[in-house]
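Structure file protein.pdb with PDB, C-alpha atoms:
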ATOM      1  CA  MET N   1      37.974 -49.221-143.195  1.00  0.00           C
ATOM      2  CA  PRO N   2      34.228 -50.008-143.456  1.00  0.00           C
ATOM      3  CA  LYS N   3      31.956 -47.087-144.238  1.00  0.00           C
ATOM      4  CA  ILE N   4      30.454 -45.086-141.387  1.00  0.00           C
ATOM      5  CA  ASN N   5      26.694 -45.588-141.232  1.00  0.00           C
ATOM      6  CA  CYS N   6      24.947 -42.298-140.542  1.00  0.00           C
ATOM      7  CA  ILE N   7      21.621 -40.513-140.679  1.00  0.00           C
ATOM      8  CA  ILE N   8      20.851 -36.875-141.442  1.00  0.00           C
ATOM      9  CA  LEU N   9      18.229 -34.865-139.557  1.00  0.00           C
ATOM     10  CA  ASP N  10      17.313 -31.251-140.242  1.00  0.00           C
ATOM     11  CA  ASP N  11      13.907 -29.564-140.357  1.00  0.00           C
ATOM     12  CA  GLU N  12      14.952 -27.629-143.494  1.00  0.00           C
ATOM     13  CA  PRO N  13      14.647 -29.753-146.684  1.00  0.00           C
ATOM     14  CA  LEU N  14      17.372 -27.773-148.459  1.00  0.00           C
ATOM     15  CA  ALA N  15      19.766 -28.381-145.582  1.00  0.00           C
ATOM     16  CA  VAL N  16      19.035 -32.115-145.749  1.00  0.00           C
ATOM     17  CA  GLU N  17      19.762 -32.148-149.477  1.00  0.00           C
ATOM     18  CA  LEU N  18      23.036 -30.264-149.034  1.00  0.00           C
ATOM     19  CA  LEU N  19      24.223 -32.624-146.303  1.00  0.00           C
ATOM     20  CA  LYS N  20      23.222 -35.636-148.406  1.00  0.00           C
ATOM     21  CA  LYS N  21      25.276 -34.215-151.270  1.00  0.00           C
ATOM     22  CA  HIS N  22      28.302 -33.660-149.056  1.00  0.00           C
ATOM     23  CA  ALA N  23      27.937 -37.171-147.627  1.00  0.00           C
ATOM     24  CA  SER N  24      27.588 -38.800-151.053  1.00  0.00           C
ATOM     25  CA  GLU N  25      30.898 -37.216-152.053  1.00  0.00           C
ATOM     26  CA  ASN N  26      32.691 -38.502-148.957  1.00  0.00           C
ATOM     27  CA  GLU N  27      34.090 -42.007-149.440  1.00  0.00           C
ATOM     28  CA  ASN N  28      33.861 -42.826-145.731  1.00  0.00           C
ATOM     29  CA  LEU N  29      30.109 -42.250-145.285  1.00  0.00           C
ATOM     30  CA  ASN N  30      27.039 -44.364-145.935  1.00  0.00           C
ATOM     31  CA  VAL N  31      23.755 -42.454-145.441  1.00  0.00           C
ATOM     32  CA  LEU N  32      21.128 -44.910-144.201  1.00  0.00           C
ATOM     33  CA  PHE N  33      18.351 -42.364-143.699  1.00  0.00           C
ATOM     34  CA  ALA N  34      17.698 -38.636-144.159  1.00  0.00           C
ATOM     35  CA  THR N  35      14.634 -36.782-142.914  1.00  0.00           C
ATOM     36  CA  THR N  36      13.143 -33.465-141.796  1.00  0.00           C
ATOM     37  CA  GLU N  37      11.032 -35.211-139.124  1.00  0.00           C
ATOM     38  CA  VAL N  38      12.674 -35.905-135.771  1.00  0.00           C
ATOM     39  CA  PHE N  39      10.242 -38.666-134.776  1.00  0.00           C
ATOM     40  CA  GLU N  40      10.868 -40.466-138.069  1.00  0.00           C
ATOM     41  CA  ALA N  41      14.552 -40.417-137.156  1.00  0.00           C
ATOM     42  CA  ILE N  42      13.821 -41.803-133.683  1.00  0.00           C
ATOM     43  CA  ASP N  43      11.719 -44.635-135.146  1.00  0.00           C
ATOM     44  CA  PHE N  44      14.508 -45.479-137.590  1.00  0.00           C
ATOM     45  CA  LEU N  45      17.088 -45.562-134.805  1.00  0.00           C
ATOM     46  CA  LYS N  46      15.042 -48.069-132.818  1.00  0.00           C
ATOM     47  CA  ASN N  47      15.741 -50.748-135.401  1.00  0.00           C
ATOM     48  CA  ASN N  48      18.979 -49.690-137.071  1.00  0.00           C
ATOM     49  CA  LYS N  49      22.586 -49.421-135.986  1.00  0.00           C
ATOM     50  CA  VAL N  50      24.104 -46.016-136.755  1.00  0.00           C
ATOM     51  CA  GLU N  51      27.575 -44.723-135.973  1.00  0.00           C
ATOM     52  CA  VAL N  52      26.880 -40.996-136.377  1.00  0.00           C
ATOM     53  CA  ILE N  53      23.816 -38.732-136.412  1.00  0.00           C
ATOM     54  CA  PHE N  54      24.089 -35.409-138.240  1.00  0.00           C
ATOM     55  CA  THR N  55      21.503 -33.288-136.444  1.00  0.00           C
ATOM     56  CA  ASP N  56      20.254 -29.723-136.407  1.00  0.00           C
ATOM     57  CA  ILE N  57      19.654 -28.065-133.029  1.00  0.00           C
ATOM     58  CA  GLN N  58      16.648 -25.790-133.541  1.00  0.00           C
ATOM     59  CA  MET N  59      13.739 -27.981-134.690  1.00  0.00           C
ATOM     60  CA  PRO N  60      10.039 -27.472-133.983  1.00  0.00           C
ATOM     61  CA  GLU N  61       9.062 -30.825-132.422  1.00  0.00           C
ATOM     62  CA  LEU N  62      12.239 -31.639-130.470  1.00  0.00           C
ATOM     63  CA  THR N  63      15.503 -29.755-130.296  1.00  0.00           C
ATOM     64  CA  GLY N  64      18.756 -31.497-131.098  1.00  0.00           C
ATOM     65  CA  ILE N  65      19.687 -31.300-127.421  1.00  0.00           C
ATOM     66  CA  GLN N  66      16.425 -32.993-126.402  1.00  0.00           C
ATOM     67  CA  LEU N  67      17.075 -35.689-129.002  1.00  0.00           C
ATOM     68  CA  MET N  68      20.519 -36.359-127.543  1.00  0.00           C
ATOM     69  CA  LYS N  69      19.013 -36.697-124.077  1.00  0.00           C
ATOM     70  CA  ILE N  70      16.492 -39.368-125.065  1.00  0.00           C
ATOM     71  CA  LEU N  71      18.727 -41.487-127.292  1.00  0.00           C
ATOM     72  CA  ASP N  72      21.208 -44.109-126.163  1.00  0.00           C
ATOM     73  CA  LYS N  73      24.040 -42.446-124.257  1.00  0.00           C
ATOM     74  CA  SER N  74      26.682 -44.091-126.467  1.00  0.00           C
ATOM     75  CA  GLN N  75      25.276 -42.517-129.658  1.00  0.00           C
ATOM     76  CA  LYS N  76      27.608 -40.085-131.434  1.00  0.00           C
ATOM     77  CA  PHE N  77      26.600 -36.820-133.114  1.00  0.00           C
ATOM     78  CA  ILE N  78      27.831 -34.170-135.496  1.00  0.00           C
ATOM     79  CA  VAL N  79      25.812 -30.999-134.954  1.00  0.00           C
ATOM     80  CA  THR N  80      24.764 -28.879-137.958  1.00  0.00           C
ATOM     81  CA  THR N  81      23.205 -25.548-136.993  1.00  0.00           C
ATOM     82  CA  ALA N  82      23.029 -21.813-137.578  1.00  0.00           C
ATOM     83  CA  TYR N  83      23.227 -21.121-133.830  1.00  0.00           C
ATOM     84  CA  PRO N  84      26.653 -21.076-132.139  1.00  0.00           C
ATOM     85  CA  ASN N  85      25.237 -20.584-128.619  1.00  0.00           C
ATOM     86  CA  TYR N  86      24.371 -24.279-128.134  1.00  0.00           C
ATOM     87  CA  ALA N  87      27.925 -25.522-128.609  1.00  0.00           C
ATOM     88  CA  LEU N  88      28.867 -25.778-124.941  1.00  0.00           C
ATOM     89  CA  GLU N  89      25.688 -27.614-123.929  1.00  0.00           C
ATOM     90  CA  SER N  90      25.899 -30.034-126.854  1.00  0.00           C
ATOM     91  CA  PHE N  91      29.371 -31.178-125.867  1.00  0.00           C
ATOM     92  CA  ASN N  92      27.900 -32.732-122.721  1.00  0.00           C
ATOM     93  CA  PHE N  93      26.986 -35.534-125.126  1.00  0.00           C
ATOM     94  CA  HIS N  94      29.051 -37.539-127.641  1.00  0.00           C
ATOM     95  CA  VAL N  95      29.357 -34.653-130.094  1.00  0.00           C
ATOM     96  CA  ILE N  96      32.247 -35.123-132.497  1.00  0.00           C
ATOM     97  CA  ASP N  97      32.024 -31.684-134.093  1.00  0.00           C
ATOM     98  CA  TYR N  98      29.827 -28.574-134.231  1.00  0.00           C
ATOM     99  CA  LEU N  99      29.265 -27.268-137.758  1.00  0.00           C
ATOM    100  CA  LEU N 100      27.856 -23.796-138.332  1.00  0.00           C
ATOM    101  CA  LYS N 101      25.702 -23.147-141.404  1.00  0.00           C
ATOM    102  CA  PRO N 102      26.334 -22.561-144.210  1.00  0.00           C
ATOM    103  CA  ILE N 103      28.394 -25.752-144.153  1.00  0.00           C
ATOM    104  CA  THR N 104      31.051 -26.076-146.817  1.00  0.00           C
ATOM    105  CA  LYS N 105      32.195 -29.408-148.205  1.00  0.00           C
ATOM    106  CA  GLU N 106      35.659 -28.820-146.726  1.00  0.00           C
ATOM    107  CA  ARG N 107      34.283 -28.204-143.222  1.00  0.00           C
ATOM    108  CA  PHE N 108      31.955 -31.211-143.523  1.00  0.00           C
ATOM    109  CA  ASP N 109      34.823 -33.484-144.564  1.00  0.00           C
ATOM    110  CA  LEU N 110      36.921 -32.225-141.671  1.00  0.00           C
ATOM    111  CA  ALA N 111      34.220 -33.323-139.218  1.00  0.00           C
ATOM    112  CA  VAL N 112      34.107 -36.787-140.783  1.00  0.00           C
ATOM    113  CA  LYS N 113      37.907 -36.988-140.619  1.00  0.00           C
ATOM    114  CA  LYS N 114      37.731 -36.099-136.925  1.00  0.00           C
ATOM    115  CA  TYR N 115      35.365 -39.025-136.359  1.00  0.00           C
ATOM    116  CA  THR N 116      37.599 -41.489-138.219  1.00  0.00           C
ATOM    117  CA  GLU N 117      40.681 -40.352-136.316  1.00  0.00           C
ATOM    118  CA  LEU N 118      38.882 -40.750-132.998  1.00  0.00           C
ATOM    119  CA  PHE N 119      37.177 -44.086-133.600  1.00  0.00           C
ATOM    120  CA  ALA N 120      38.554 -45.968-136.626  1.00  0.00           C
ATOM    121  CA  GLN N 121      41.660 -47.197-134.826  1.00  0.00           C
ATOM    122  CA  GLN N 122      39.613 -48.066-131.762  1.00  0.00           C
ATOM    123  CA  VAL N 123      37.297 -50.234-133.888  1.00  0.00           C
ATOM    124  CA  THR N 124      40.262 -51.915-135.561  1.00  0.00           C
ATOM    125  CA  ASN N 125      41.977 -52.720-132.290  1.00  0.00           C
ATOM    126  CA  SER N 126      38.900 -54.153-130.584  1.00  0.00           C
ATOM    127  CA  ALA N 127      37.449 -56.009-133.567  1.00  0.00           C
ATOM    128  CA  SER N 128      37.969 -59.516-132.150  1.00  0.00           C
ATOM    129  CA  TYR N 129      36.703 -59.058-128.568  1.00  0.00           C
ATOM    130  CA  LEU N 130      35.268 -56.745-125.942  1.00  0.00           C
ATOM    131  CA  PHE N 131      35.080 -56.586-122.161  1.00  0.00           C
ATOM    132  CA  VAL N 132      31.846 -56.548-120.155  1.00  0.00           C
ATOM    133  CA  LYS N 133      31.311 -55.954-116.453  1.00  0.00           C
ATOM    134  CA  ALA N 134      29.705 -58.965-114.780  1.00  0.00           C
ATOM    135  CA  ASP N 135      29.734 -60.081-111.145  1.00  0.00           C
ATOM    136  CA  GLY N 136      31.966 -57.160-110.224  1.00  0.00           C
ATOM    137  CA  LYS N 137      34.729 -57.997-112.680  1.00  0.00           C
ATOM    138  CA  GLN N 138      35.676 -57.310-116.298  1.00  0.00           C
ATOM    139  CA  VAL N 139      35.018 -60.373-118.454  1.00  0.00           C
ATOM    140  CA  LYS N 140      36.539 -60.772-121.902  1.00  0.00           C
ATOM    141  CA  ILE N 141      34.124 -61.864-124.656  1.00  0.00           C
ATOM    142  CA  ASN N 142      35.601 -63.106-127.925  1.00  0.00           C
ATOM    143  CA  PHE N 143      33.240 -62.296-130.788  1.00  0.00           C
ATOM    144  CA  SER N 144      34.033 -65.689-132.333  1.00  0.00           C
ATOM    145  CA  ASP N 145      32.545 -67.367-129.213  1.00  0.00           C
ATOM    146  CA  LEU N 146      29.467 -65.136-128.896  1.00  0.00           C
ATOM    147  CA  ILE N 147      26.439 -66.988-130.318  1.00  0.00           C
ATOM    148  CA  TYR N 148      23.601 -64.603-129.460  1.00  0.00           C
ATOM    149  CA  VAL N 149      22.507 -61.858-127.078  1.00  0.00           C
ATOM    150  CA  GLU N 150      19.181 -61.863-125.261  1.00  0.00           C
ATOM    151  CA  GLY N 151      17.517 -58.698-123.974  1.00  0.00           C
ATOM    152  CA  LEU N 152      15.920 -58.746-120.511  1.00  0.00           C
ATOM    153  CA  LYS N 153      14.638 -55.224-119.773  1.00  0.00           C
ATOM    154  CA  ASP N 154      17.638 -53.329-118.363  1.00  0.00           C
ATOM    155  CA  TYR N 155      19.888 -56.388-118.609  1.00  0.00           C
ATOM    156  CA  ILE N 156      21.257 -58.520-121.387  1.00  0.00           C
ATOM    157  CA  ARG N 157      22.229 -62.192-121.262  1.00  0.00           C
ATOM    158  CA  ILE N 158      25.234 -63.018-123.426  1.00  0.00           C
ATOM    159  CA  HIS N 159      25.239 -66.596-124.714  1.00  0.00           C
ATOM    160  CA  THR N 160      28.687 -67.873-125.690  1.00  0.00           C
ATOM    161  CA  LYS N 161      29.928 -71.339-126.607  1.00  0.00           C
ATOM    162  CA  ASN N 162      30.813 -72.046-122.988  1.00  0.00           C
ATOM    163  CA  GLU N 163      28.730 -69.844-120.690  1.00  0.00           C
ATOM    164  CA  LYS N 164      25.897 -67.376-120.144  1.00  0.00           C
ATOM    165  CA  ILE N 165      26.814 -63.947-118.800  1.00  0.00           C
ATOM    166  CA  MET N 166      24.335 -61.448-117.330  1.00  0.00           C
ATOM    167  CA  VAL N 167      25.246 -57.787-117.861  1.00  0.00           C
ATOM    168  CA  LEU N 168      23.552 -54.545-116.810  1.00  0.00           C
ATOM    169  CA  GLU N 169      23.319 -52.878-120.234  1.00  0.00           C
ATOM    170  CA  THR N 170      20.709 -52.093-122.888  1.00  0.00           C
ATOM    171  CA  MET N 171      20.449 -54.025-126.141  1.00  0.00           C
ATOM    172  CA  LYS N 172      20.995 -50.885-128.225  1.00  0.00           C
ATOM    173  CA  SER N 173      24.125 -49.918-126.333  1.00  0.00           C
ATOM    174  CA  PHE N 174      25.607 -53.409-126.668  1.00  0.00           C
ATOM    175  CA  GLU N 175      24.598 -53.666-130.335  1.00  0.00           C
ATOM    176  CA  ASN N 176      26.643 -50.554-131.096  1.00  0.00           C
ATOM    177  CA  LYS N 177      29.779 -52.350-129.891  1.00  0.00           C
ATOM    178  CA  LEU N 178      29.383 -55.389-132.156  1.00  0.00           C
ATOM    179  CA  PRO N 179      30.985 -55.968-135.567  1.00  0.00           C
ATOM    180  CA  ILE N 180      28.992 -56.344-138.777  1.00  0.00           C
ATOM    181  CA  ASN N 181      28.513 -60.123-138.567  1.00  0.00           C
ATOM    182  CA  PHE N 182      26.016 -59.567-135.732  1.00  0.00           C
ATOM    183  CA  LYS N 183      22.384 -58.920-136.663  1.00  0.00           C
ATOM    184  CA  ARG N 184      19.416 -57.670-134.642  1.00  0.00           C
ATOM    185  CA  ILE N 185      16.502 -59.945-135.555  1.00  0.00           C
ATOM    186  CA  HIS N 186      14.098 -59.167-132.726  1.00  0.00           C
ATOM    187  CA  ARG N 187      13.731 -56.488-130.066  1.00  0.00           C
ATOM    188  CA  SER N 188      15.103 -59.077-127.628  1.00  0.00           C
ATOM    189  CA  TYR N 189      17.689 -60.902-129.764  1.00  0.00           C
ATOM    190  CA  ILE N 190      20.942 -60.189-131.594  1.00  0.00           C
ATOM    191  CA  ILE N 191      22.545 -63.155-133.356  1.00  0.00           C
ATOM    192  CA  ASN N 192      25.992 -63.951-134.677  1.00  0.00           C
ATOM    193  CA  LEU N 193      25.478 -64.774-138.364  1.00  0.00           C
ATOM    194  CA  ASP N 194      28.479 -67.094-138.240  1.00  0.00           C
ATOM    195  CA  PHE N 195      26.355 -69.500-136.161  1.00  0.00           C
ATOM    196  CA  LEU N 196      23.224 -69.221-138.332  1.00  0.00           C
ATOM    197  CA  THR N 197      22.378 -72.642-139.782  1.00  0.00           C
ATOM    198  CA  SER N 198      18.924 -72.060-141.295  1.00  0.00           C
ATOM    199  CA  ILE N 199      15.900 -69.768-141.544  1.00  0.00           C
ATOM    200  CA  ASP N 200      12.433 -71.320-141.325  1.00  0.00           C
ATOM    201  CA  GLY N 201       9.439 -69.031-141.588  1.00  0.00           C
ATOM    202  CA  ASN N 202       9.562 -66.641-138.668  1.00  0.00           C
ATOM    203  CA  SER N 203      12.455 -68.313-136.864  1.00  0.00           C
ATOM    204  CA  VAL N 204      16.197 -68.713-137.239  1.00  0.00           C
ATOM    205  CA  TYR N 205      18.256 -71.692-136.159  1.00  0.00           C
ATOM    206  CA  LEU N 206      21.628 -71.337-134.485  1.00  0.00           C
ATOM    207  CA  ASN N 207      22.574 -75.014-134.504  1.00  0.00           C
ATOM    208  CA  GLN N 208      19.803 -76.446-132.270  1.00  0.00           C
ATOM    209  CA  LYS N 209      18.695 -73.119-130.773  1.00  0.00           C
ATOM    210  CA  ILE N 210      15.517 -71.620-132.286  1.00  0.00           C
ATOM    211  CA  ILE N 211      15.093 -67.829-132.072  1.00  0.00           C
ATOM    212  CA  PRO N 212      12.035 -65.876-133.286  1.00  0.00           C
ATOM    213  CA  ILE N 213      12.264 -63.129-135.902  1.00  0.00           C
ATOM    214  CA  GLY N 214      10.522 -59.903-134.881  1.00  0.00           C
ATOM    215  CA  GLU N 215       7.945 -58.542-137.311  1.00  0.00           C
ATOM    216  CA  THR N 216       9.822 -55.273-137.916  1.00  0.00           C
ATOM    217  CA  TYR N 217      13.010 -57.208-138.745  1.00  0.00           C
ATOM    218  CA  ARG N 218      11.584 -59.737-141.221  1.00  0.00           C
ATOM    219  CA  LYS N 219      12.463 -57.797-144.368  1.00  0.00           C
ATOM    220  CA  ASP N 220      16.100 -57.510-143.282  1.00  0.00           C
ATOM    221  CA  ILE N 221      16.232 -61.247-142.624  1.00  0.00           C
ATOM    222  CA  LYS N 222      14.836 -62.005-146.080  1.00  0.00           C
ATOM    223  CA  ASP N 223      17.555 -59.823-147.613  1.00  0.00           C
ATOM    224  CA  PHE N 224      20.285 -62.129-146.388  1.00  0.00           C
ATOM    225  CA  GLY N 225      18.312 -65.314-145.933  1.00  0.00           C
TER     226      GLY N 225
END

Representation of the structure as structure tokens:
Amino acid sequence: MPKINCIILDDEPLAVELLKKHASENENLNVLFATTEVFEAIDFLKNNKVEVIFTDIQMPELTGIQLMKILDKSQKFIVTTAYPNYALESFNFHVIDYLLKPITKERFDLAVKKYTELFAQQVTNSASYLFVKADGKQVKINFSDLIYVEGLKDYIRIHTKNEKIMVLETMKSFENKLPINFKRIHRSYIINLDFLTSIDGNSVYLNQKIIPIGETYRKDIKDFG
């Protein structure tokens, strides 16, 4: 199973370090980012695909509950807090587990195991396709046919080998459903790397289709280009 990409957010530096230590000792986790600043976490999440957010609840700038409200509704969380009284409210969101401080390695690992049991099999089973709702019906999209996705405000346009499909969904929400061979290269474009033929300056070529690379994504493109 591929590693679970996660970030860690807690306003206490010692808590961040402890969670990073627990995560580094768990073979299923890959920590992409760890911070004490909630707005740094939000900025990171704008441009990066994350499976799980480990978040505190009581933070000075935004609470964990407020964070859950403003992020994509498909985002999943593991709460880490010293306050048990927020448990019920937090489970209105995609909260996998609610960990009370001090958090032991055993309890931390149990939360990660809960995530893998809930979602690992689901990812395995749906790895070759997904369904989208378009024109009042469920349409099957094979990942092998999906060339790129174009963002159009509250809609996305899915470009496959044979057709274009308009779907009422956000780019971030759809990105979270895609396997690792798909790459966000612009705020309005996600491409299938299997169709990438060349990179030229600030553009990529998918056969004859030219797609711009967004400024904030250029470093990532250079890493694989």

Practice task
Could you please determine the separation between CA of Thr160 in chain N and CA of Leu178 in chain N in Å, to one decimal place?
Solution key: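 If I compute the distance from CA of Thr160 in chain N to CA of Leu178 in chain N, I get 14.1 Å.
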
Exercise for the section: Skip range 211-216 of chain N itself and residues of its chain fewer than 2 positions away, then list as a ChimeraX atom specification all residues within 9 Å of it, counting all atoms listed in the file. Expected result: /N:47,185-189,191,201-206,209,218-221

Problem - Nearest residue to Lys21 in chain N from the set N:Val95, N:Ile103, N:Ile165, N:Met171 (distances using only C-alpha atoms) - result: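 Smallest distance to Lys21 in chain N is found for N:Ile103.
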
Kindly provide, as JSON, the centre and edge lengths (Å, one decimal) of an axis-aligned box around all atoms of range 76-80 of chain N given in the file, with 8 Å on each side.
{"center_x": 26.3, "center_y": -34.5, "center_z": -134.7, "size_x": 19.1, "size_y": 27.2, "size_z": 22.5}

Exercise for the section: Using all atoms listed in the file, collect all residues at a distance of at most 9 Å from (20.6, -59.5, -120.3) as written in the file, then present them as a VMD selection string. Expected result: chain N and resid 149 to 158 165 to 171

As a PDB file, keeping the file's coordinate frame, please: range 174-195 of chain N completed to N, CA and C atoms.
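That gives us rebuild_31.pdb:
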ATOM      1  N   PHE N 174      24.718 -52.276-126.378  1.00  0.00           N
ATOM      2  CA  PHE N 174      25.607 -53.409-126.668  1.00  0.00           C
ATOM      3  C   PHE N 174      25.712 -53.645-128.172  1.00  0.00           C
ATOM      4  N   GLU N 175      24.598 -53.480-128.876  1.00  0.00           N
ATOM      5  CA  GLU N 175      24.598 -53.666-130.335  1.00  0.00           C
ATOM      6  C   GLU N 175      25.605 -52.742-131.011  1.00  0.00           C
ATOM      7  N   ASN N 176      25.725 -51.524-130.503  1.00  0.00           N
ATOM      8  CA  ASN N 176      26.643 -50.554-131.096  1.00  0.00           C
ATOM      9  C   ASN N 176      28.113 -50.956-130.960  1.00  0.00           C
ATOM     10  N   LYS N 177      28.402 -51.913-130.097  1.00  0.00           N
ATOM     11  CA  LYS N 177      29.779 -52.350-129.891  1.00  0.00           C
ATOM     12  C   LYS N 177      30.150 -53.569-130.745  1.00  0.00           C
ATOM     13  N   LEU N 178      29.170 -54.132-131.444  1.00  0.00           N
ATOM     14  CA  LEU N 178      29.383 -55.389-132.156  1.00  0.00           C
ATOM     15  C   LEU N 178      29.801 -55.170-133.603  1.00  0.00           C
ATOM     16  N   PRO N 179      30.597 -56.078-134.157  1.00  0.00           N
ATOM     17  CA  PRO N 179      30.985 -55.968-135.567  1.00  0.00           C
ATOM     18  C   PRO N 179      29.841 -56.351-136.502  1.00  0.00           C
ATOM     19  N   ILE N 180      30.081 -56.250-137.797  1.00  0.00           N
ATOM     20  CA  ILE N 180      28.992 -56.344-138.777  1.00  0.00           C
ATOM     21  C   ILE N 180      28.414 -57.737-138.938  1.00  0.00           C
ATOM     22  N   ASN N 181      29.078 -58.778-138.435  1.00  0.00           N
ATOM     23  CA  ASN N 181      28.513 -60.123-138.567  1.00  0.00           C
ATOM     24  C   ASN N 181      27.451 -60.420-137.511  1.00  0.00           C
ATOM     25  N   PHE N 182      27.106 -59.420-136.685  1.00  0.00           N
ATOM     26  CA  PHE N 182      26.016 -59.567-135.732  1.00  0.00           C
ATOM     27  C   PHE N 182      24.785 -58.826-136.253  1.00  0.00           C
ATOM     28  N   LYS N 183      23.616 -59.463-136.084  1.00  0.00           N
ATOM     29  CA  LYS N 183      22.384 -58.920-136.663  1.00  0.00           C
ATOM     30  C   LYS N 183      21.268 -58.920-135.631  1.00  0.00           C
ATOM     31  N   ARG N 184      20.610 -57.779-135.502  1.00  0.00           N
ATOM     32  CA  ARG N 184      19.416 -57.670-134.642  1.00  0.00           C
ATOM     33  C   ARG N 184      18.251 -58.270-135.412  1.00  0.00           C
ATOM     34  N   ILE N 185      17.618 -59.299-134.853  1.00  0.00           N
ATOM     35  CA  ILE N 185      16.502 -59.945-135.555  1.00  0.00           C
ATOM     36  C   ILE N 185      15.190 -59.841-134.780  1.00  0.00           C
ATOM     37  N   HIS N 186      15.255 -59.259-133.608  1.00  0.00           N
ATOM     38  CA  HIS N 186      14.098 -59.167-132.726  1.00  0.00           C
ATOM     39  C   HIS N 186      14.434 -58.111-131.684  1.00  0.00           C
ATOM     40  N   ARG N 187      13.442 -57.492-131.093  1.00  0.00           N
ATOM     41  CA  ARG N 187      13.731 -56.488-130.066  1.00  0.00           C
ATOM     42  C   ARG N 187      14.517 -57.090-128.902  1.00  0.00           C
ATOM     43  N   SER N 188      14.430 -58.421-128.750  1.00  0.00           N
ATOM     44  CA  SER N 188      15.103 -59.077-127.628  1.00  0.00           C
ATOM     45  C   SER N 188      16.260 -59.981-128.046  1.00  0.00           C
ATOM     46  N   TYR N 189      16.627 -59.992-129.339  1.00  0.00           N
ATOM     47  CA  TYR N 189      17.689 -60.902-129.764  1.00  0.00           C
ATOM     48  C   TYR N 189      18.619 -60.282-130.811  1.00  0.00           C
ATOM     49  N   ILE N 190      19.906 -60.476-130.601  1.00  0.00           N
ATOM     50  CA  ILE N 190      20.942 -60.189-131.594  1.00  0.00           C
ATOM     51  C   ILE N 190      21.684 -61.504-131.812  1.00  0.00           C
ATOM     52  N   ILE N 191      21.884 -61.881-133.082  1.00  0.00           N
ATOM     53  CA  ILE N 191      22.545 -63.155-133.356  1.00  0.00           C
ATOM     54  C   ILE N 191      23.866 -62.951-134.082  1.00  0.00           C
ATOM     55  N   ASN N 192      24.750 -63.910-133.922  1.00  0.00           N
ATOM     56  CA  ASN N 192      25.992 -63.951-134.677  1.00  0.00           C
ATOM     57  C   ASN N 192      25.720 -64.759-135.950  1.00  0.00           C
ATOM     58  N   LEU N 193      25.799 -64.104-137.108  1.00  0.00           N
ATOM     59  CA  LEU N 193      25.478 -64.774-138.364  1.00  0.00           C
ATOM     60  C   LEU N 193      26.402 -65.947-138.657  1.00  0.00           C
ATOM     61  N   ASP N 194      27.554 -65.977-138.028  1.00  0.00           N
ATOM     62  CA  ASP N 194      28.479 -67.094-138.240  1.00  0.00           C
ATOM     63  C   ASP N 194      27.916 -68.400-137.685  1.00  0.00           C
ATOM     64  N   PHE N 195      26.958 -68.304-136.747  1.00  0.00           N
ATOM     65  CA  PHE N 195      26.355 -69.500-136.161  1.00  0.00           C
ATOM     66  C   PHE N 195      24.995 -69.821-136.777  1.00  0.00           C
TER      67      PHE N 195
END
